[in-house]
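Have a look at work-v1.txt below; it lists compact mmCIF, C-alpha atoms and all ligand atoms.
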# COMPACT_ATOMS: atom_id res chain seq x y z
CA MET X 1 -142.16 108.75 -192.67
CA SER X 2 -140.41 107.84 -195.89
CA ARG X 3 -142.48 105.58 -198.08
CA PHE X 4 -139.65 104.53 -200.29
CA LEU X 5 -136.15 103.76 -199.32
CA PRO X 6 -133.41 105.81 -200.96
CA PHE X 7 -132.67 103.11 -203.52
CA PRO X 8 -135.32 101.51 -205.71
CA ILE X 9 -133.84 98.04 -205.08
CA PHE X 10 -135.20 98.07 -201.52
CA PRO X 11 -138.77 96.89 -200.90
CA ARG X 12 -141.41 99.46 -200.00
CA GLN X 13 -142.15 100.31 -196.39
CA ALA X 14 -145.78 99.28 -196.13
CA SER X 15 -146.20 98.13 -192.53
CA THR X 16 -145.55 99.44 -189.05
CA LEU X 17 -142.70 96.97 -188.75
CA ALA X 18 -140.92 98.06 -191.93
CA PRO X 19 -139.38 101.34 -190.70
CA ARG X 20 -138.24 99.68 -187.46
CA ILE X 21 -136.42 96.93 -189.33
CA ASP X 22 -134.99 99.41 -191.81
CA HIS X 23 -133.60 101.75 -189.15
CA LEU X 24 -131.78 98.83 -187.58
CA LEU X 25 -130.53 97.73 -191.00
CA TYR X 26 -129.23 101.24 -191.79
CA TYR X 27 -127.50 101.36 -188.46
CA LEU X 28 -125.85 97.95 -189.06
CA LEU X 29 -124.81 98.94 -192.58
CA GLY X 30 -123.49 102.25 -191.26
CA MET X 31 -121.50 100.59 -188.44
CA SER X 32 -120.08 97.95 -190.80
CA GLY X 33 -119.18 100.62 -193.36
CA LEU X 34 -117.53 102.77 -190.72
CA MET X 35 -115.44 99.86 -189.37
CA THR X 36 -114.45 98.81 -192.89
CA VAL X 37 -113.27 102.32 -193.78
CA LEU X 38 -111.53 102.73 -190.42
CA ILE X 39 -109.65 99.43 -190.59
CA ALA X 40 -108.77 99.65 -194.29
CA GLY X 41 -107.73 103.30 -193.85
CA LEU X 42 -105.49 102.51 -190.87
CA ILE X 43 -103.85 99.60 -192.70
CA LEU X 44 -103.11 101.88 -195.62
CA TYR X 45 -101.92 104.72 -193.43
CA PHE X 46 -99.68 102.55 -191.21
CA SER X 47 -98.15 100.69 -194.14
CA ILE X 48 -96.99 104.00 -195.57
CA ARG X 49 -96.13 105.73 -192.31
CA TYR X 50 -94.08 102.83 -190.93
CA ARG X 51 -92.66 101.45 -194.18
CA ARG X 52 -89.11 100.19 -194.31
CA ARG X 53 -86.67 103.04 -194.79
CA PRO X 54 -82.88 103.47 -194.51
CA GLY X 55 -82.20 103.91 -190.82
CA ASN X 56 -85.48 102.23 -189.85
CA GLU X 57 -84.99 98.74 -191.24
CA ARG X 58 -86.64 96.67 -188.48
CA ALA X 59 -89.83 97.09 -186.50
CA THR X 60 -89.50 97.97 -182.82
CA GLN X 61 -91.52 95.76 -180.47
CA VAL X 62 -94.13 97.66 -178.53
CA HIS X 63 -95.50 96.19 -175.30
CA GLY X 64 -99.04 96.42 -174.02
CA SER X 65 -100.99 99.52 -173.20
CA ASN X 66 -103.68 98.89 -170.63
CA ARG X 67 -105.59 102.00 -171.47
CA LEU X 68 -105.77 101.13 -175.16
CA GLU X 69 -106.72 97.50 -174.51
CA ILE X 70 -109.49 98.41 -172.08
CA ALA X 71 -110.81 100.96 -174.55
CA TRP X 72 -110.96 98.55 -177.48
CA SER X 73 -112.70 95.95 -175.31
CA VAL X 74 -115.24 98.16 -173.59
CA VAL X 75 -116.22 100.32 -176.56
CA PRO X 76 -117.12 97.38 -178.87
CA LEU X 77 -118.89 95.65 -175.95
CA GLY X 78 -121.06 98.71 -175.53
CA ILE X 79 -121.77 98.89 -179.26
CA PHE X 80 -122.68 95.20 -179.46
CA LEU X 81 -124.91 95.33 -176.38
CA PHE X 82 -126.68 98.36 -177.79
CA THR X 83 -127.23 96.50 -181.08
CA TYR X 84 -128.43 93.41 -179.22
CA VAL X 85 -130.96 95.26 -177.08
CA TRP X 86 -132.24 97.17 -180.09
CA GLY X 87 -132.55 94.03 -182.25
CA ALA X 88 -134.12 91.97 -179.46
CA SER X 89 -136.74 94.62 -178.75
CA ILE X 90 -137.73 94.67 -182.44
CA TYR X 91 -137.81 90.87 -182.48
CA PHE X 92 -140.18 90.63 -179.52
CA TRP X 93 -142.35 93.35 -180.94
CA ALA X 94 -142.44 91.68 -184.37
CA TYR X 95 -143.35 88.24 -182.99
CA THR X 96 -145.94 89.25 -180.38
CA PRO X 97 -149.29 89.83 -182.08
CA PRO X 98 -151.44 92.47 -180.35
CA MET X 99 -154.46 91.02 -178.51
CA ASP X 100 -156.97 92.84 -180.73
CA SER X 101 -155.52 91.50 -184.01
CA LEU X 102 -157.81 90.44 -186.81
CA GLU X 103 -157.32 86.68 -187.08
CA ILE X 104 -156.90 84.88 -190.38
CA TYR X 105 -155.91 81.27 -190.96
CA GLY X 106 -153.27 80.43 -193.53
CA VAL X 107 -152.42 76.95 -194.82
CA GLY X 108 -149.41 76.33 -197.04
CA LYS X 109 -149.41 73.33 -199.33
CA GLN X 110 -147.50 72.28 -202.41
CA TRP X 111 -147.78 74.76 -204.05
CA MET X 112 -150.23 77.37 -202.94
CA TRP X 113 -151.32 79.55 -200.06
CA LYS X 114 -154.86 79.13 -198.77
CA PHE X 115 -156.40 81.73 -196.51
CA GLN X 116 -159.53 81.56 -194.45
CA HIS X 117 -161.26 84.59 -192.93
CA LEU X 118 -163.32 83.94 -189.81
CA SER X 119 -166.41 85.36 -191.45
CA GLY X 120 -166.27 82.75 -194.20
CA GLN X 121 -164.29 84.23 -197.10
CA ARG X 122 -161.70 81.87 -198.52
CA GLU X 123 -158.85 82.83 -200.80
CA ILE X 124 -156.05 81.12 -202.67
CA ASN X 125 -152.76 82.91 -203.31
CA GLU X 126 -154.42 86.18 -202.39
CA LEU X 127 -154.92 87.72 -199.01
CA HIS X 128 -157.10 90.76 -198.44
CA VAL X 129 -156.42 92.74 -195.27
CA PRO X 130 -157.40 96.14 -193.92
CA VAL X 131 -154.80 98.86 -193.39
CA ALA X 132 -154.24 100.45 -189.98
CA ARG X 133 -155.28 97.32 -188.10
CA PRO X 134 -153.08 94.53 -186.76
CA VAL X 135 -153.65 91.28 -188.64
CA LYS X 136 -152.57 87.92 -187.25
CA VAL X 137 -152.13 85.01 -189.63
CA LEU X 138 -152.21 81.64 -187.90
CA LEU X 139 -150.11 79.44 -190.16
CA THR X 140 -149.73 75.74 -190.68
CA SER X 141 -148.77 73.44 -193.53
CA GLN X 142 -150.40 70.42 -195.05
CA ASP X 143 -147.16 68.82 -196.27
CA VAL X 144 -143.67 70.30 -195.98
CA ILE X 145 -142.25 73.48 -194.45
CA HIS X 146 -143.23 76.64 -196.30
CA SER X 147 -142.56 80.20 -195.30
CA PHE X 148 -144.99 83.10 -195.43
CA SER X 149 -143.04 86.12 -196.58
CA VAL X 150 -144.17 89.65 -197.47
CA PRO X 151 -141.05 91.74 -198.06
CA ASP X 152 -142.88 95.08 -198.19
CA PHE X 153 -144.15 94.34 -194.67
CA ARG X 154 -140.78 92.85 -193.53
CA VAL X 155 -142.75 89.81 -192.39
CA LYS X 156 -141.54 86.24 -192.65
CA GLN X 157 -142.74 83.21 -190.72
CA ASP X 158 -142.43 79.49 -191.39
CA ALA X 159 -145.55 77.39 -191.94
CA VAL X 160 -144.66 74.07 -190.34
CA PRO X 161 -146.60 70.80 -190.72
CA GLY X 162 -148.02 69.63 -187.40
CA ARG X 163 -147.98 72.94 -185.60
CA TYR X 164 -149.29 76.49 -185.65
CA THR X 165 -147.10 79.53 -186.03
CA GLU X 166 -148.13 83.16 -186.01
CA ALA X 167 -147.24 86.04 -188.26
CA TRP X 168 -148.63 89.50 -187.65
CA PHE X 169 -148.40 92.83 -189.37
CA GLU X 170 -150.19 96.14 -189.61
CA ALA X 171 -150.29 97.46 -193.15
CA THR X 172 -149.90 101.22 -193.43
CA LEU X 173 -150.43 101.83 -197.14
CA PRO X 174 -153.24 100.52 -199.32
CA GLY X 175 -151.85 98.57 -202.24
CA THR X 176 -150.95 95.17 -203.61
CA TYR X 177 -147.84 93.50 -202.26
CA HIS X 178 -145.89 90.41 -203.23
CA LEU X 179 -146.41 87.30 -201.14
CA PHE X 180 -143.69 84.68 -201.42
CA CYS X 181 -142.94 81.23 -200.12
CA ALA X 182 -139.48 81.76 -198.67
CA GLU X 183 -138.60 78.14 -197.91
CA TYR X 184 -137.62 75.73 -200.65
CA CYS X 185 -140.51 73.28 -200.76
CA GLY X 186 -140.19 71.31 -204.00
CA THR X 187 -140.45 71.65 -207.77
CA LEU X 188 -142.85 74.57 -207.97
CA HIS X 189 -141.55 76.46 -204.93
CA SER X 190 -140.76 79.46 -207.14
CA GLN X 191 -144.39 79.57 -208.25
CA MET X 192 -145.80 79.47 -204.75
CA ILE X 193 -146.41 83.19 -204.91
CA GLY X 194 -149.37 85.47 -204.50
CA SER X 195 -150.33 88.90 -203.33
CA VAL X 196 -151.50 90.65 -200.22
CA VAL X 197 -154.07 93.32 -200.95
CA ALA X 198 -154.20 96.01 -198.27
CA MET X 199 -157.45 97.95 -198.39
CA GLU X 200 -159.00 100.91 -196.61
CA PRO X 201 -161.08 99.53 -193.70
CA ALA X 202 -164.43 100.42 -195.32
CA ALA X 203 -163.47 98.81 -198.63
CA PHE X 204 -162.23 95.76 -196.75
CA GLU X 205 -165.54 95.37 -194.88
CA GLN X 206 -167.32 95.57 -198.20
CA TRP X 207 -165.03 92.97 -199.72
CA LEU X 208 -165.48 90.72 -196.69
CA ALA X 209 -169.28 90.89 -196.96
CA GLY X 210 -169.32 89.98 -200.65
CA GLY X 211 -169.72 86.34 -201.58
CA ALA X 212 -169.09 84.95 -198.12
CA THR X 213 -169.94 81.28 -197.78
CA ALA X 214 -170.45 79.44 -194.53
CA SER X 215 -168.13 80.63 -191.77
CA PRO X 216 -165.45 78.24 -190.47
CA ALA X 217 -167.41 77.81 -187.24
CA GLU X 218 -170.50 76.78 -189.20
CA ARG X 219 -168.55 74.34 -191.35
CA GLY X 220 -166.90 73.07 -188.17
CA GLN X 221 -170.27 72.34 -186.63
CA LYS X 222 -171.28 70.25 -189.66
CA LEU X 223 -167.98 68.44 -189.58
CA PHE X 224 -168.37 67.82 -185.84
CA GLN X 225 -171.60 65.99 -186.58
CA SER X 226 -170.56 64.20 -189.77
CA LEU X 227 -167.44 62.83 -188.08
CA GLY X 228 -169.61 61.69 -185.18
CA CYS X 229 -167.74 63.77 -182.58
CA ASN X 230 -171.08 64.70 -181.01
CA THR X 231 -171.91 61.08 -180.18
CA CYS X 232 -169.23 61.11 -177.44
CA HIS X 233 -168.57 64.78 -176.73
CA ARG X 234 -171.89 65.77 -175.24
CA ALA X 235 -173.25 67.26 -172.08
CA ASP X 236 -175.64 64.48 -171.01
CA ALA X 237 -175.16 61.15 -169.25
CA LEU X 238 -174.26 59.32 -172.47
CA ALA X 239 -171.07 61.31 -172.82
CA ARG X 240 -167.97 59.17 -173.21
CA GLY X 241 -165.71 62.14 -173.78
CA PRO X 242 -165.54 65.57 -172.17
CA ASP X 243 -168.14 68.13 -173.19
CA LEU X 244 -166.36 70.71 -175.32
CA THR X 245 -168.58 73.68 -174.50
CA GLY X 246 -166.46 76.50 -173.11
CA LEU X 247 -163.28 74.53 -173.73
CA PHE X 248 -161.19 77.04 -175.62
CA GLY X 249 -158.79 79.02 -173.46
CA ARG X 250 -159.71 76.98 -170.35
CA GLN X 251 -157.38 74.99 -168.12
CA VAL X 252 -157.48 71.28 -168.88
CA HIS X 253 -156.48 68.65 -166.31
CA LEU X 254 -154.90 65.61 -167.93
CA GLN X 255 -154.28 62.13 -166.64
CA GLY X 256 -151.01 62.14 -164.79
CA GLY X 257 -151.70 65.55 -163.31
CA THR X 258 -150.56 67.77 -166.15
CA VAL X 259 -152.52 70.97 -166.53
CA LEU X 260 -152.53 72.88 -169.81
CA LYS X 261 -154.41 75.58 -171.59
CA ALA X 262 -156.76 74.52 -174.39
CA ASP X 263 -155.35 76.39 -177.40
CA GLU X 264 -155.29 75.66 -181.11
CA ALA X 265 -152.33 73.29 -180.85
CA TYR X 266 -153.97 71.29 -178.03
CA ILE X 267 -157.22 70.82 -179.95
CA ARG X 268 -155.34 69.89 -183.11
CA GLN X 269 -153.34 67.24 -181.26
CA SER X 270 -156.41 65.89 -179.52
CA ILE X 271 -157.99 65.28 -182.93
CA LEU X 272 -154.97 63.68 -184.57
CA ASP X 273 -153.37 61.93 -181.60
CA PRO X 274 -156.04 61.62 -178.89
CA ALA X 275 -154.11 59.15 -176.75
CA ALA X 276 -151.29 61.63 -176.17
CA GLN X 277 -153.32 63.92 -173.92
CA VAL X 278 -156.19 62.17 -172.19
CA VAL X 279 -158.40 64.29 -169.97
CA GLN X 280 -158.63 63.22 -166.33
CA GLY X 281 -161.58 60.96 -165.63
CA TYR X 282 -161.93 59.65 -169.19
CA GLU X 283 -160.79 56.50 -170.95
CA PRO X 284 -158.38 56.71 -173.88
CA ILE X 285 -161.00 55.39 -176.29
CA MET X 286 -161.07 58.12 -178.89
CA PRO X 287 -159.78 57.00 -182.30
CA THR X 288 -157.42 59.17 -184.26
CA PHE X 289 -158.82 61.30 -187.06
CA LYS X 290 -155.52 61.49 -188.86
CA GLY X 291 -156.18 61.23 -192.59
CA LEU X 292 -159.92 61.70 -192.09
CA VAL X 293 -159.84 65.43 -191.66
CA THR X 294 -157.78 68.01 -193.58
CA GLU X 295 -155.82 70.85 -192.00
CA GLU X 296 -158.61 73.19 -193.08
CA GLY X 297 -161.17 70.87 -191.51
CA ILE X 298 -159.20 71.00 -188.26
CA LEU X 299 -159.24 74.80 -188.39
CA ASP X 300 -163.01 74.69 -188.89
CA LEU X 301 -163.39 72.40 -185.87
CA ILE X 302 -161.21 74.71 -183.79
CA GLU X 303 -163.37 77.66 -184.77
CA TYR X 304 -166.49 75.71 -183.90
CA ILE X 305 -165.10 74.89 -180.46
CA LYS X 306 -163.99 78.52 -180.04
CA ALA X 307 -167.46 79.71 -180.95
CA GLY X 308 -168.89 77.59 -178.13
CA SER X 309 -166.41 79.03 -175.62
CU1 LIG R 1 -143.76 76.57 -200.33
CU2 LIG R 1 -141.56 77.11 -201.03
Now, as a test, write the supplied structure out as structure tokens.
Ligand code: CUA
Amino acid sequence: MSRFLPFPIFPRQASTLAPRIDHLLYYLLGMSGLMTVLIAGLILYFSIRYRRRPGNERATQVHGSNRLEIAWSVVPLGIFLFTYVWGASIYFWAYTPPMDSLEIYGVGKQWMWKFQHLSGQREINELHVPVARPVKVLLTSQDVIHSFSVPDFRVKQDAVPGRYTEAWFEATLPGTYHLFCAEYCGTLHSQMIGSVVAMEPAAFEQWLAGGATASPAERGQKLFQSLGCNTCHRADALARGPDLTGLFGRQVHLQGGTVLKADEAYIRQSILDPAAQVVQGYEPIMPTFKGLVTEEGILDLIEYIKAGS
């Protein structure tokens, strides 16, 4: 596999996605180049071949040729469908994180990237990942839309306030790679940059073990108590809200008969806008925690609930 593209202006190929994207790009460039040369060449050739000459002053009208018309409809259709299927298969592959991905949380805010490893390590404008292992970054934003972009990995995903998006990649080469914000997000957008450090798995484990503070689940547990969540969400008779043990990934029955799966987005909404999705058999008495808990606090709470599931 080529590590560098033929021209130094192209980014490095440092993920499993990179060669796939590049092959499609080469093909598109090749097809466009071929058509450009073909059309320009024919224009040139015909304008000389059929130029006005004594004895051939006026063009003769030519009427349709079914064979030619069918050919120039069917051949491009085939080419476009081929391109579509190829592109779509890469798209689905690139936006479907493998089940066994290493999960990392990423929060964009004006103007920095914050990352949170599940074991506790936190980073700003730097993201350490292992090579040869799929990594899933669960993204959100604390203010406006940002975009997580690592050109050497051919990865780009928006970080949108109020929802979670996923980016995944598998780095193939140890090294340090540029991380950009690829969505204009205000004055210092151009300085919302950082680096992704891809390390050999052993070195990564070592890095992960060094200087780890409390894990998100542990911080989430503290937050769960300090916000008083545990006074209602409990397993005994005093419970005024559903017990959250085993909640994550489970089916939830809501008032009105809706059934949904308890995922990150559901938990986040239940914290910020509890009245929107009230669980069957409970009163809509939970107050909103909007403004009382940060996006990172919400991630900690989610991890705490996940840990109890
Ligand atoms: Cu964040 Cu541009």
Problem set entry | Surrounding residues as an NGL selection string, ligand LIG 1 (chain R), max 7 Å, all atoms listed in the file | :X and (108-111 or 145-147 or 181-186 or 189-190 or 192)
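With distances taken over all atoms listed in the file, X:Ile305 is the one residue among X:Leu42, X:Ile305, X:Ile9, X:Leu102 lying closest to Ala217 in chain X.
When CA of Leu81 in chain X is paired with CA of Ser32 in chain X, their separation reads 15.4 Å.
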Exercise. So which residues touch Ala203 in chain X within 12 Å, counting all atoms listed in the file, skipping near sequence neighbours fewer than 4 positions away, as a ChimeraX atom specification?
Worked result: /X:128-131,174,197-199,207-210
The selected residues should be written to file as an mmCIF file, in the coordinates of the input (atoms: C-alpha atoms).
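Contents of the output file out-v8.cif:
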data_model
loop_
_atom_site.group_PDB
_atom_site.id
_atom_site.type_symbol
_atom_site.label_atom_id
_atom_site.label_comp_id
_atom_site.auth_asym_id
_atom_site.auth_seq_id
_atom_site.Cartn_x
_atom_site.Cartn_y
_atom_site.Cartn_z
ATOM 1 C CA HIS X 128 -157.100 90.760 -198.440
ATOM 2 C CA VAL X 129 -156.420 92.740 -195.270
ATOM 3 C CA PRO X 130 -157.400 96.140 -193.920
ATOM 4 C CA VAL X 131 -154.800 98.860 -193.390
ATOM 5 C CA PRO X 174 -153.240 100.520 -199.320
ATOM 6 C CA VAL X 197 -154.070 93.320 -200.950
ATOM 7 C CA ALA X 198 -154.200 96.010 -198.270
ATOM 8 C CA MET X 199 -157.450 97.950 -198.390
ATOM 9 C CA TRP X 207 -165.030 92.970 -199.720
ATOM 10 C CA LEU X 208 -165.480 90.720 -196.690
ATOM 11 C CA ALA X 209 -169.280 90.890 -196.960
ATOM 12 C CA GLY X 210 -169.320 89.980 -200.650
#
Exercise. Looking at all atoms listed in the file, which of X:Val155, X:Ala88, X:Leu272, X:Leu138 is the one that sits closest to Pro287 in chain X?
Worked result: X:Leu272
For this session: Would you mind listing what lies within 10 Å of Gly256 in chain X as number ranges by chain, with only C-alpha atoms counted and same-chain residues fewer than 6 positions away left out?
Result: X: 277-280
For this session: Would you list the contacts of Arg163 in chain X as a PyMOL selection string, taking every protein, DNA or RNA residue within 10 Å and counting all atoms listed in the file, but skipping same-chain residues closer than 6 positions in sequence?
Result: chain X and resi 138-141+264-266+268-269
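Considering the residues X:Tyr50, X:Trp72, X:Phe80, X:Trp168 and counting all atoms listed in the file, Thr96 in chain X has its shortest atom-to-atom contact with X:Trp168.
Within a radius of 9 Å around (-167.0, 71.2, -174.1), the polymer residues are His233, Arg234, Ala235, Pro242, Asp243, Leu244, Thr245, Gly246, Leu247, Phe248, Ile305, Gly308 and Ser309 of chain X, counting all atoms listed in the file.
Atom pair CA of Trp86 in chain X / CA of Arg154 in chain X: separated by 16.5 Å.
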Exercise. If you count only C-alpha atoms, which residues fall within 8 Å of range 292-299 of chain X, apart from same-chain ones fewer than 6 positions away, as a ChimeraX atom specification?
Worked result: /X:105,107,140-142,216,220,223,268,271
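Between CA of Asn56 in chain X and CA of Val37 in chain X the separation is 28.1 Å.
Comparing X:Gly249, X:Val75, X:Asn230, X:Arg219 by their smallest distance to Lys261 in chain X, the closest is X:Gly249 (using all atoms listed in the file).
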For this session: Pick out the closest residue to His117 in chain X from this set: X:Ala132, X:Ile48, X:Val137, X:Ala40. Count all atoms listed in the file.
Result: X:Val137
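Each of X:Thr288, X:Thr165, X:Gln121, X:Thr172 was checked against Ala18 in chain X using all atoms listed in the file; the smallest atom-to-atom distance is that of X:Thr172.
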Test item: which residues lie within 7 Å of (-136.1, 95.1, -198.3) counting all atoms listed in the file, as a short mmCIF file (atom, residue, chain, number, x, y, z; two decimals) with C-alpha atoms, in the coordinates of the input:
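Contents of the output file part.cif:
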data_model
loop_
_atom_site.label_atom_id
_atom_site.label_comp_id
_atom_site.auth_asym_id
_atom_site.auth_seq_id
_atom_site.Cartn_x
_atom_site.Cartn_y
_atom_site.Cartn_z
CA PHE X 10 -135.20 98.07 -201.52
CA PRO X 11 -138.77 96.89 -200.90
CA PRO X 151 -141.05 91.74 -198.06
CA ASP X 152 -142.88 95.08 -198.19
#
May I ask you to restore N, CA and C atoms in range 90-120 of chain X and write the result as an mmCIF file, in the coordinates of the input?
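To be explicit, this is the file written out as result22.cif:
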data_model
loop_
_atom_site.group_PDB
_atom_site.id
_atom_site.type_symbol
_atom_site.label_atom_id
_atom_site.label_comp_id
_atom_site.auth_asym_id
_atom_site.auth_seq_id
_atom_site.Cartn_x
_atom_site.Cartn_y
_atom_site.Cartn_z
ATOM 1 N N ILE X 90 -136.973 94.766 -181.179
ATOM 2 C CA ILE X 90 -137.730 94.670 -182.440
ATOM 3 C C ILE X 90 -138.248 93.252 -182.626
ATOM 4 N N TYR X 91 -137.415 92.268 -182.312
ATOM 5 C CA TYR X 91 -137.810 90.870 -182.480
ATOM 6 C C TYR X 91 -139.059 90.560 -181.650
ATOM 7 N N PHE X 92 -139.026 90.941 -180.373
ATOM 8 C CA PHE X 92 -140.180 90.630 -179.520
ATOM 9 C C PHE X 92 -141.421 91.361 -179.997
ATOM 10 N N TRP X 93 -141.216 92.577 -180.426
ATOM 11 C CA TRP X 93 -142.350 93.350 -180.940
ATOM 12 C C TRP X 93 -142.913 92.672 -182.191
ATOM 13 N N ALA X 94 -142.021 92.229 -183.077
ATOM 14 C CA ALA X 94 -142.440 91.680 -184.370
ATOM 15 C C ALA X 94 -143.099 90.309 -184.238
ATOM 16 N N TYR X 95 -142.807 89.592 -183.126
ATOM 17 C CA TYR X 95 -143.350 88.240 -182.990
ATOM 18 C C TYR X 95 -144.370 88.134 -181.857
ATOM 19 N N THR X 96 -144.883 89.274 -181.387
ATOM 20 C CA THR X 96 -145.940 89.250 -180.380
ATOM 21 C C THR X 96 -147.162 89.962 -180.946
ATOM 22 N N PRO X 97 -148.115 89.190 -181.484
ATOM 23 C CA PRO X 97 -149.290 89.830 -182.080
ATOM 24 C C PRO X 97 -150.095 90.555 -181.009
ATOM 25 N N PRO X 98 -150.575 91.766 -181.302
ATOM 26 C CA PRO X 98 -151.440 92.470 -180.350
ATOM 27 C C PRO X 98 -152.719 91.660 -180.112
ATOM 28 N N MET X 99 -153.286 91.812 -178.897
ATOM 29 C CA MET X 99 -154.460 91.020 -178.510
ATOM 30 C C MET X 99 -155.649 91.272 -179.437
ATOM 31 N N ASP X 100 -155.772 92.497 -179.949
ATOM 32 C CA ASP X 100 -156.970 92.840 -180.730
ATOM 33 C C ASP X 100 -156.767 92.599 -182.225
ATOM 34 N N SER X 101 -155.790 91.737 -182.585
ATOM 35 C CA SER X 101 -155.520 91.500 -184.010
ATOM 36 C C SER X 101 -156.710 90.837 -184.694
ATOM 37 N N LEU X 102 -156.854 91.153 -185.964
ATOM 38 C CA LEU X 102 -157.810 90.440 -186.810
ATOM 39 C C LEU X 102 -157.178 89.087 -187.137
ATOM 40 N N GLU X 103 -157.917 88.000 -186.877
ATOM 41 C CA GLU X 103 -157.320 86.680 -187.080
ATOM 42 C C GLU X 103 -157.692 86.083 -188.429
ATOM 43 N N ILE X 104 -156.683 85.549 -189.098
ATOM 44 C CA ILE X 104 -156.900 84.880 -190.380
ATOM 45 C C ILE X 104 -156.091 83.584 -190.341
ATOM 46 N N TYR X 105 -156.664 82.516 -190.886
ATOM 47 C CA TYR X 105 -155.910 81.270 -190.960
ATOM 48 C C TYR X 105 -155.214 81.166 -192.309
ATOM 49 N N GLY X 106 -153.998 80.639 -192.294
ATOM 50 C CA GLY X 106 -153.270 80.430 -193.530
ATOM 51 C C GLY X 106 -152.722 79.010 -193.566
ATOM 52 N N VAL X 107 -152.954 78.307 -194.672
ATOM 53 C CA VAL X 107 -152.420 76.950 -194.820
ATOM 54 C C VAL X 107 -151.534 76.923 -196.065
ATOM 55 N N GLY X 108 -150.297 76.495 -195.895
ATOM 56 C CA GLY X 108 -149.410 76.330 -197.040
ATOM 57 C C GLY X 108 -149.470 74.893 -197.499
ATOM 58 N N LYS X 109 -149.500 74.689 -198.813
ATOM 59 C CA LYS X 109 -149.410 73.330 -199.330
ATOM 60 C C LYS X 109 -148.727 73.403 -200.686
ATOM 61 N N GLN X 110 -148.178 72.287 -201.114
ATOM 62 C CA GLN X 110 -147.500 72.280 -202.410
ATOM 63 C C GLN X 110 -148.533 72.457 -203.521
ATOM 64 N N TRP X 111 -148.599 73.589 -204.248
ATOM 65 C CA TRP X 111 -147.780 74.760 -204.050
ATOM 66 C C TRP X 111 -148.685 75.966 -204.076
ATOM 67 N N MET X 112 -149.320 76.220 -203.014
ATOM 68 C CA MET X 112 -150.230 77.370 -202.940
ATOM 69 C C MET X 112 -150.431 77.800 -201.498
ATOM 70 N N TRP X 113 -150.929 79.025 -201.376
ATOM 71 C CA TRP X 113 -151.320 79.550 -200.060
ATOM 72 C C TRP X 113 -152.839 79.613 -200.005
ATOM 73 N N LYS X 114 -153.409 79.044 -198.946
ATOM 74 C CA LYS X 114 -154.860 79.130 -198.770
ATOM 75 C C LYS X 114 -155.134 79.954 -197.519
ATOM 76 N N PHE X 115 -156.051 80.891 -197.655
ATOM 77 C CA PHE X 115 -156.400 81.730 -196.510
ATOM 78 C C PHE X 115 -157.882 81.622 -196.196
ATOM 79 N N GLN X 116 -158.162 81.719 -194.922
ATOM 80 C CA GLN X 116 -159.530 81.560 -194.450
ATOM 81 C C GLN X 116 -159.844 82.684 -193.487
ATOM 82 N N HIS X 117 -160.809 83.541 -193.856
ATOM 83 C CA HIS X 117 -161.260 84.590 -192.930
ATOM 84 C C HIS X 117 -162.323 84.000 -192.016
ATOM 85 N N LEU X 118 -162.396 84.520 -190.790
ATOM 86 C CA LEU X 118 -163.320 83.940 -189.810
ATOM 87 C C LEU X 118 -164.778 84.141 -190.200
ATOM 88 N N SER X 119 -165.029 85.135 -191.043
ATOM 89 C CA SER X 119 -166.410 85.360 -191.450
ATOM 90 C C SER X 119 -166.816 84.453 -192.615
ATOM 91 N N GLY X 120 -165.884 83.713 -193.183
ATOM 92 C CA GLY X 120 -166.270 82.750 -194.200
ATOM 93 C C GLY X 120 -165.495 82.862 -195.508
#
